[in-house]
Every structure is written in C-alpha cells, then in structure tokens.
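Trainee: Mind looking over this structure? Questions follow.
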Amino acid sequence: MAAGGRTPHLEEAGSFDFREVYALALRTLPYLWSNIAELKPLLWVGAPLLVLSLPLGMLGADLFLNRMLDGQPLTGFEAWLLRLEPAEFVEVDALSVEARKIVRDHLVIGIVALVLALTPIALWGAWKILMLGQRINQLLRVEMVTNMQAMSMRFHAGSRVGDSIYRTYQDSAMVTNLMGMLVQPIGPLFAGVTGFFIAFVYDWRLPLVWIALYVAVFGMARYYTAVFRRAFRVARERNSALTSRIQETLSGVKVVKAYGAEPVEQRRFEQASRSAFDGAYEARTTLALMGILIFNLSALPAMLAATVLSVMAREGTPLAAGFALGAVGFATWNLGAYANALGRVGTWSRAARRLLWLWARTQDMAVGMERAFTQVDMRPEVRDAEDAVPFPGLQEAVSFRGVWFGYDPAHPVLRGVDLEARAGRVTALVGPTGSGKSTLVSLLLRLFDPDEGRIEVDGTDLRRFELEGLRDCVSIALQENLLFATTVRENIRYAVPGASDERVREAARVACADEFIARLPEGYDTMLGERGARLSTGQRQRLSIARALIKDPKILVLDEPTASLDADTELRVMRELAEWGRGRAIVVVAHRLSTIRRADQIVYLRDGQVVEQGSHEELMALPEGAYRRFVELEQAGREPSASAAAQEGVS
C-alpha cells in the first residue's frame, strides 16, 4: 500500500511546531485505515469506559472517605447502587459502626466485581493495540523494502546498506507507537480539562493554578523541542552508522581474516559503538534533566493549591456550585471534598508531567518516522512509463544508439556508445578495466537508464516496455557468483521458483554443472553453506550460469562466465552455450582470450567508447588495432591494464 503526502524535514525545525508531528501522524493513517476493522471494537469499548472513569472515581472517593470513614449518610443513588435500604443508610443522621462495616463490605465487593469485569477487557484492549501496531509496522516495512528494491543501482552504489537496514527494522518500529502518539495524550488532556471544570465548581480560584502550571509546561516544551530533535537525530544516525560498520565487517570477513585485520576492524567497531553510546546517552540525559525540571515546576503550584484547599476544608464553607456535586455528597467542604479537590490538583500536576514526557518521546518517534518515511518517499529512477507495453521478446537485435551514462553525471562512464548484438550470435565485450563493459550490461537490464541516447530491442526503446516483462526475458550471470544457504536445486531455480526438476537438470547440463552436482552427498538436495562456501569458485560460477539459463531468456548476459574455469570446462561450457543460444542474443563480458575468440562479434571498448567491432579474424587483421594489441599482450602473458594500455596506445 502507499501512503500519500510528503514527509516534513524535521531536522530543519527548531521551534515548537505541533503541525509537523501532526503531519507525520497523518502519514500513518493509510496504514491504520487498512486495519480499521480491528480498531472499531476498541473505540466502542474504550470511549464509554473513559467517560465513566471520572464519576466512578469520585463516587468511590465519596463512599470511602465521607461514608465509610466519616459516617455521613449515603445519598439515595449510592444506596441504590450498593443495594442498601434507604431507611438504614440514607434517612439517618449518621451511620453506625455496623452500618459503616456493611458499606465497606459492599464497596469491596463492588470494587472486586468491577476489577474482575474490567481485567479481561483491559487485557483484550492491550492485545488489540499490540497486534494493530505490529500490523502497521509490517505494512510500513514491506513498503520500505519494496521501494528499496525498486531503486536503481545508481542509488544503491551511493548508499550504505547498514543505514537502510537500520531504517527498516529500527526507525520503522516507531510507527508501532502510533496508537500511543494519537491516544495516550487523550488521558492526560481529558483529566486536565475535566479537572479544570471540577475545580471551578469547587472554587473559581483553583483553575488559576491550573493555568499557571500549563503555561509553564508549554513554555518548557517550546524550549526543549529543538534540543530533543537534535539529540534524538544524532543518536539514530550514530546507531545507523554502527549498523553499517557491523554489516561491512561481517560481509568482508574473508578479507579481514586474510589480511589479519581483526584488530583494526575491532578498533573501528569500538569507535562506532562508543559514538552510538554517547549519542544515546546524551539524548537520555537531556530527557532525564527535563523530567527533573518539570517535576519541580509542577510541585510548586500543587503545594500552593494544597495550602488553599486545607484552609477551605477547615472552614467548611459551601462549595461554589455544591448543587452540581450533591449527587455524590459534595455540597460543602468536607473530608471527601478536600481529598477529591486535592486529587484534582494532583491530576493537573501528573497530567502536565505526562503530556511533556509524551511530547519529548514524540520527538524521538517523529525523528524515527521521518527517517522511515524518507525511505518510503524515494521514487525509483528506473520505473515503468505510464504508457508502458508488455515486452514482446527478441526477434532481431539489441541496439545501443548514442548511449551516454555516468554514475556521477559530471564524469560519464559511457560516451556515445553505438553497438548491436544480434539474435543467434554471441557478442563479446572486451576492453581495459573501467572501460564500461559491466555498465553496458547493467543498462541492458535497466538497472540504470541512459543519461542520453537509447537502448532498443528490435527498434523499440527499452523504456517503452514494462520492467517486469523485460527482466523476465533478460537473464544475467553475475561475476560475483552469489549463492544462498539453501539446496543446490533452490539456488538454480531462484529466478523461477516453480521450475520443474527436469528444467533444473537441463539448465545444470548446459552449464556443465551436472557432473559435480552428481558427486555431492545429496545431489541437487545438498545444502550449501553461506554464500555457497562449500563449493569451489568454478563450481559456484557454473551454478550461477545455470541459474541464468533456467529463465530460458531471449537475451543472456554473462559477466566473466569462464574466469574461474579450467580450459577443458571452459571449452565445454562455451560449446553448450553456443548450441543453446540459437535464436537468442548472448552478450559476454570477458578478459580471457580463449572465451573471446569464440564469439561471433567482438566489441572493444576504451574510455567508455566503442573503438573497434568485428570478428576475431577481422580485428586481428588491423595492423595497429587496439584489439590486436590486447591479444598480443594476452598471449605474452601480460594483463592489458589501463596504464599499460595507455602507454601502448590502447587507452
């Protein structure tokens, strides 16, 4: 699902601005709306209980303080509620000791019954809120990962994996506090507002204390908002950097061990961990300091109000609007009225502290949610056009027409490339490291789009086709040979999960992988280690080729397909591919001469440009040709590096 709207940039805000937090809350509503059926019963049950909590609390305080302890007669309503005879408990001057005990017993029974009735409801409500939060978080995480997968390789080349991981599992978790962000302030606000009006009924001077307290609280919130945002943002960014450090270290563990760099990586990790700790410590310290200040701030008005109330209670003067509270026994100042009014003052203080604490926590949630929604808001550079059509397959050729491209537009990797790879032929891309070979095949898969020019299939621009259909018909065997910790069979049919066993075996046969698979302990059901660590490099390479072949693509791209194969295996693989590739276009990125010379067409690139094209024999016939020089260096046993080629006039 998609959540509309634009995420506010909270890092630029330094003032008390509820609108920004409100805008983030609105961003979560589409996720909440998809689970509205779960929320309705919660609202239907919770709202009446919230409304009834105040009168029930006042009634309990009156029964305990004024009736049970002070011995005042019950009101008619109280007698009816406790199922007591009015003649013995209402129409008397004072309650006897025995009558008080009876009131106590009935009150205890009522409280126990109320607790027993509300406990299952409370547990059910807590479970509902927990499940709702987790479902919302699941929706957000799925959208974040889906969006990240849709981003072009240009984006991934410039971003840190650890940061994306942290945003996905940690920052997104802030959305589970949505119910808290939207619902939790209701309680303190409700208590504060109702307390304000009840205090006014007791005495018109009491609300002045309420106003003074909340003015001070909102002033403090205004000051601390910018402080909290900066502190929480720094803490999250440093934890994100720590996650990146862990991910990079573990993904490169082979290199770390090979060079004995464990102490170096340990120091780097400790530095990143210390930095993350310091950021979190500073944020929590700021939060604790604010808690101390608000406690002291709220204590002063509460002490003043308590003093005034004690004087009023001692004098026993009538209440300002005693008739309004007569139903619960508060017509004049008495023990119950004093305790209840003092409780209202305490409620103001607690509500003020709670609201400021929630606001501070909201800043942390806002920073996390803003980071998560930033990932959601990113729009893929490569995406379907509005009028995209299904990919029809390949009939004649794939053509590059004046293609320019650069990961950084200021430094192009490809410069006006023109070439054609025809169906039924093998086209080899050759050239020094950094000449743009792998970038060309990435453009063919639309992992990127050209900055200028076009890539065409049978004369139609690739950007006119639907991405899903295009990538279904184009397959690539990557140089990295990435395998997964599952069975050989599942690794081969990774791109086609429903492929039959016969199709898996045929792909393995063409890739010349069937022989070594048969020698594995459980054949195709053999479990591979992490990244296929149990296999040799050549075996992993053949499985990677088989995985590309199982899609039965019209266009096959092989990035250094035989770099790790011995000469005999290389010969067999290339023969099988040539036979399999009839009617298909095969593009091979290669450095090995034994692989290159078997291609029908060779394209030699230098500095992102096509220098020469033709068959091996045609290019070798050029006396001063760049390809010929490449072959001579290869045969002499020297790799034509960019610097050597430049000295020889090749680059």
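Labeling convention for the structure tokens: chains A, B, ... as they appear, residues from 1 per chain, ligands from 1 in order of appearance.
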Determine, for each residue of stretch 366-464 of chain A having at least one atom at most 10 Å from an atom of stretch 138-143 of chain A, the closest pair of atoms and their separation in Å to one decimal, counting only C-alpha atoms; order by chain and ascending number, as a Markdown table.
Mentor:
| residue | atom | partner | partner_atom | distance |
| --- | --- | --- | --- | --- |
| A:Ala372 | CA | A:Leu140 | CA | 8.4 |
| A:Phe373 | CA | A:Leu140 | CA | 8.7 |
| A:Gln375 | CA | A:Glu143 | CA | 9.2 |
| A:Val376 | CA | A:Glu143 | CA | 6.7 |
Trainee: Enumerate, as a PyMOL selection string, the complete set of residues in stretch 435-636 of chain A that a backbone-based DSSP assignment places in strand (DSSP E or B).
Mentor: chain A and resi 452-457+460-461+465+474-477+487+527+555-559+585-589+601-606+609-614
Trainee: Please tabulate, as a Markdown table, the residues of stretch 366-405 of chain A that come within 10 Å of stretch 585-590 of chain A, each with its closest pair of atoms and the distance in Å to one decimal, counting only C-alpha atoms and ordering rows by chain, then residue number upward.
Mentor:
| residue | atom | partner | partner_atom | distance |
| --- | --- | --- | --- | --- |
| A:Leu394 | CA | A:Ala585 | CA | 8.1 |
| A:Gln395 | CA | A:Ala585 | CA | 9.3 |
| A:Glu396 | CA | A:Ala585 | CA | 8.7 |
| A:Ala397 | CA | A:Ala585 | CA | 7.3 |
| A:Val398 | CA | A:Ala585 | CA | 7.8 |
Trainee: Considering only C-alpha atoms, can you say which of A:Leu356, A:Leu414, A:Val103, A:Leu520 comes closest to A:Tyr224?
Mentor: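 Residue with the minimum atom-to-atom distance to A:Tyr224: A:Leu356.
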Trainee: Excluding A:Arg236 and any residue of its chain fewer than 4 positions from it, enumerate the residues within 10 Å of it, using only C-alpha atoms, and give them as a list in words.
Mentor: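 The residues satisfying every condition are Asp163, Tyr166, Arg167, Gln170, Asp171, Ala231, Phe232, Ser240, Ala241, Leu242, Ala276, Gly279, Ala280, Asp364, Val367, Gly368 and Arg371 of chain A.
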Trainee: Measuring atom to atom with only C-alpha atoms, identify which of A:Val145, A:Glu248, A:Gly71, A:Met365 is nearest to A:Val161.
Mentor: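 Under the stated criterion, the closest residue is A:Glu248.
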Trainee: Just asking: which residues within stretch 497-598 of chain A are helix (DSSP H, G or I) according to DSSP, as a PyMOL selection string?
Mentor: chain A and resi 501-510+514-519+523-525+530-532+537-549+567-580+593-596
Trainee: For A:Val389, which residue out of A:Glu466, A:Gly538, A:Trp357, A:Thr439 is the nearest one, using only C-alpha atoms?
Mentor: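 Closest to A:Val389 of all the choices is A:Glu466.
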Trainee: Considering only C-alpha atoms, return as number ranges by chain whatever protein or nucleic-acid residues lie within 12 Å of stretch 86-99 of chain A, sequence-local ones (same chain, fewer than 3 positions apart) excluded.
Mentor: A: 63, 66-83, 102-106, 329
Trainee: Within 12 Å of A:Asp387, counting only C-alpha atoms, which residues show up once you throw out same-chain ones fewer than 4 positions away? Write them as a list in words, please.
Mentor: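 Listed by chain and then number, they are Arg383, Arg463, Arg464, Phe465 and Glu466 of chain A.
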Trainee: Between A:Glu282, A:Asp600, A:Asp62, A:Glu85, which has the minimum distance to A:Val234 (counting only C-alpha atoms)?
Mentor: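 Comparing A:Glu282, A:Asp600, A:Asp62, A:Glu85 against A:Val234, the winner is A:Glu282.
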Trainee: Skipping near chain neighbours, those fewer than 3 positions away, what residues fall within 10 Å of A:Leu445 using only C-alpha atoms, listed as an MDAnalysis selection string?
Mentor: chainID A and resid 440:442 448:449 462 467 470:476 555 557
Trainee: What does the structure give for the distance between atom CA of A:Ile602 and atom CA of A:Ile492, in Å to one decimal?
Mentor: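 If I compute the distance from atom CA of A:Ile602 to atom CA of A:Ile492, I get 29.2 Å.
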Trainee: Nearest residue to A:Arg584 out of A:Arg100, A:Asp607, A:Arg425, A:Thr433, using only C-alpha atoms?
Mentor: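 So, comparing all the options, the nearest one is A:Arg425.
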Trainee: Have a look at atom CA of A:Glu420 and atom CA of A:Phe400 and let me know their distance in Å, one decimal.
Mentor: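 If I compute the distance from atom CA of A:Glu420 to atom CA of A:Phe400, I get 6.3 Å.
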Trainee: Could you please determine the separation between atom CA of A:Met378 and atom CA of A:Met151 in Å, to one decimal place?
Mentor: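 Pair atom CA of A:Met378 / atom CA of A:Met151 returns 8.1 Å.
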Trainee: Contacts of stretch 128-132 of chain A at 9 Å or less, counting only C-alpha atoms, minus same-chain residues fewer than 4 places along, as a list in words?
Mentor: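 Close residues of stretch 128-132 of chain A: Leu32, Asn35, Glu38, Leu39, Leu42, Leu123, Trp124, Ile136, Asn137, Thr176 and Met179 of chain A.
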Trainee: Can I get the selection written as a PDB file, in the first residue's frame, with N, CA, C and O atoms?
Mentor:
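As written to disk, again.pdb reads:
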ATOM      1  N   LEU A  32      -3.163   2.692   9.174  1.00  0.00           N
ATOM      2  CA  LEU A  32      -4.170   2.430  10.197  1.00  0.00           C
ATOM      3  C   LEU A  32      -5.522   2.112   9.570  1.00  0.00           C
ATOM      4  O   LEU A  32      -6.243   1.229  10.031  1.00  0.00           O
ATOM      5  N   ASN A  35      -6.501  -1.336   8.681  1.00  0.00           N
ATOM      6  CA  ASN A  35      -6.842  -2.210   9.804  1.00  0.00           C
ATOM      7  C   ASN A  35      -7.970  -1.616  10.648  1.00  0.00           C
ATOM      8  O   ASN A  35      -8.072  -1.904  11.839  1.00  0.00           O
ATOM      9  N   GLU A  38     -10.153  -3.670  12.955  1.00  0.00           N
ATOM     10  CA  GLU A  38      -9.613  -4.067  14.251  1.00  0.00           C
ATOM     11  C   GLU A  38      -9.769  -2.950  15.281  1.00  0.00           C
ATOM     12  O   GLU A  38      -9.807  -3.211  16.488  1.00  0.00           O
ATOM     13  N   LEU A  39      -9.833  -1.708  14.804  1.00  0.00           N
ATOM     14  CA  LEU A  39      -9.851  -0.566  15.711  1.00  0.00           C
ATOM     15  C   LEU A  39     -11.252  -0.244  16.229  1.00  0.00           C
ATOM     16  O   LEU A  39     -11.412   0.227  17.352  1.00  0.00           O
ATOM     17  N   LEU A  42     -12.352  -1.576  19.642  1.00  0.00           N
ATOM     18  CA  LEU A  42     -11.561  -0.935  20.692  1.00  0.00           C
ATOM     19  C   LEU A  42     -12.146   0.429  21.052  1.00  0.00           C
ATOM     20  O   LEU A  42     -12.241   0.797  22.219  1.00  0.00           O
ATOM     21  N   LEU A 123      -7.044  -6.511  29.188  1.00  0.00           N
ATOM     22  CA  LEU A 123      -6.113  -7.425  28.506  1.00  0.00           C
ATOM     23  C   LEU A 123      -6.430  -7.525  27.022  1.00  0.00           C
ATOM     24  O   LEU A 123      -5.530  -7.528  26.172  1.00  0.00           O
ATOM     25  N   TRP A 124      -7.724  -7.603  26.725  1.00  0.00           N
ATOM     26  CA  TRP A 124      -8.134  -7.660  25.316  1.00  0.00           C
ATOM     27  C   TRP A 124      -7.737  -6.385  24.584  1.00  0.00           C
ATOM     28  O   TRP A 124      -7.230  -6.424  23.464  1.00  0.00           O
ATOM     29  N   ILE A 136       0.642  -2.571  11.487  1.00  0.00           N
ATOM     30  CA  ILE A 136       1.009  -1.312  10.834  1.00  0.00           C
ATOM     31  C   ILE A 136       2.502  -1.300  10.523  1.00  0.00           C
ATOM     32  O   ILE A 136       2.929  -0.902   9.432  1.00  0.00           O
ATOM     33  N   ASN A 137       3.299  -1.765  11.486  1.00  0.00           N
ATOM     34  CA  ASN A 137       4.746  -1.823  11.272  1.00  0.00           C
ATOM     35  C   ASN A 137       5.087  -2.762  10.119  1.00  0.00           C
ATOM     36  O   ASN A 137       5.972  -2.478   9.304  1.00  0.00           O
ATOM     37  N   THR A 176       4.834   1.709  15.383  1.00  0.00           N
ATOM     38  CA  THR A 176       4.043   0.917  16.328  1.00  0.00           C
ATOM     39  C   THR A 176       3.590   1.755  17.508  1.00  0.00           C
ATOM     40  O   THR A 176       2.704   1.353  18.255  1.00  0.00           O
ATOM     41  N   MET A 179      -0.474   4.349  18.026  1.00  0.00           N
ATOM     42  CA  MET A 179      -1.613   4.389  18.934  1.00  0.00           C
ATOM     43  C   MET A 179      -1.275   5.218  20.171  1.00  0.00           C
ATOM     44  O   MET A 179      -2.100   5.980  20.679  1.00  0.00           O
TER      45      MET A 179
END
Trainee: So, with only C-alpha atoms as the atoms that count, which of A:Thr569, A:Thr486, A:Ser438, A:Thr249 lies closest to A:Thr595?
Mentor: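 Smallest distance to A:Thr595 is found for A:Thr569.
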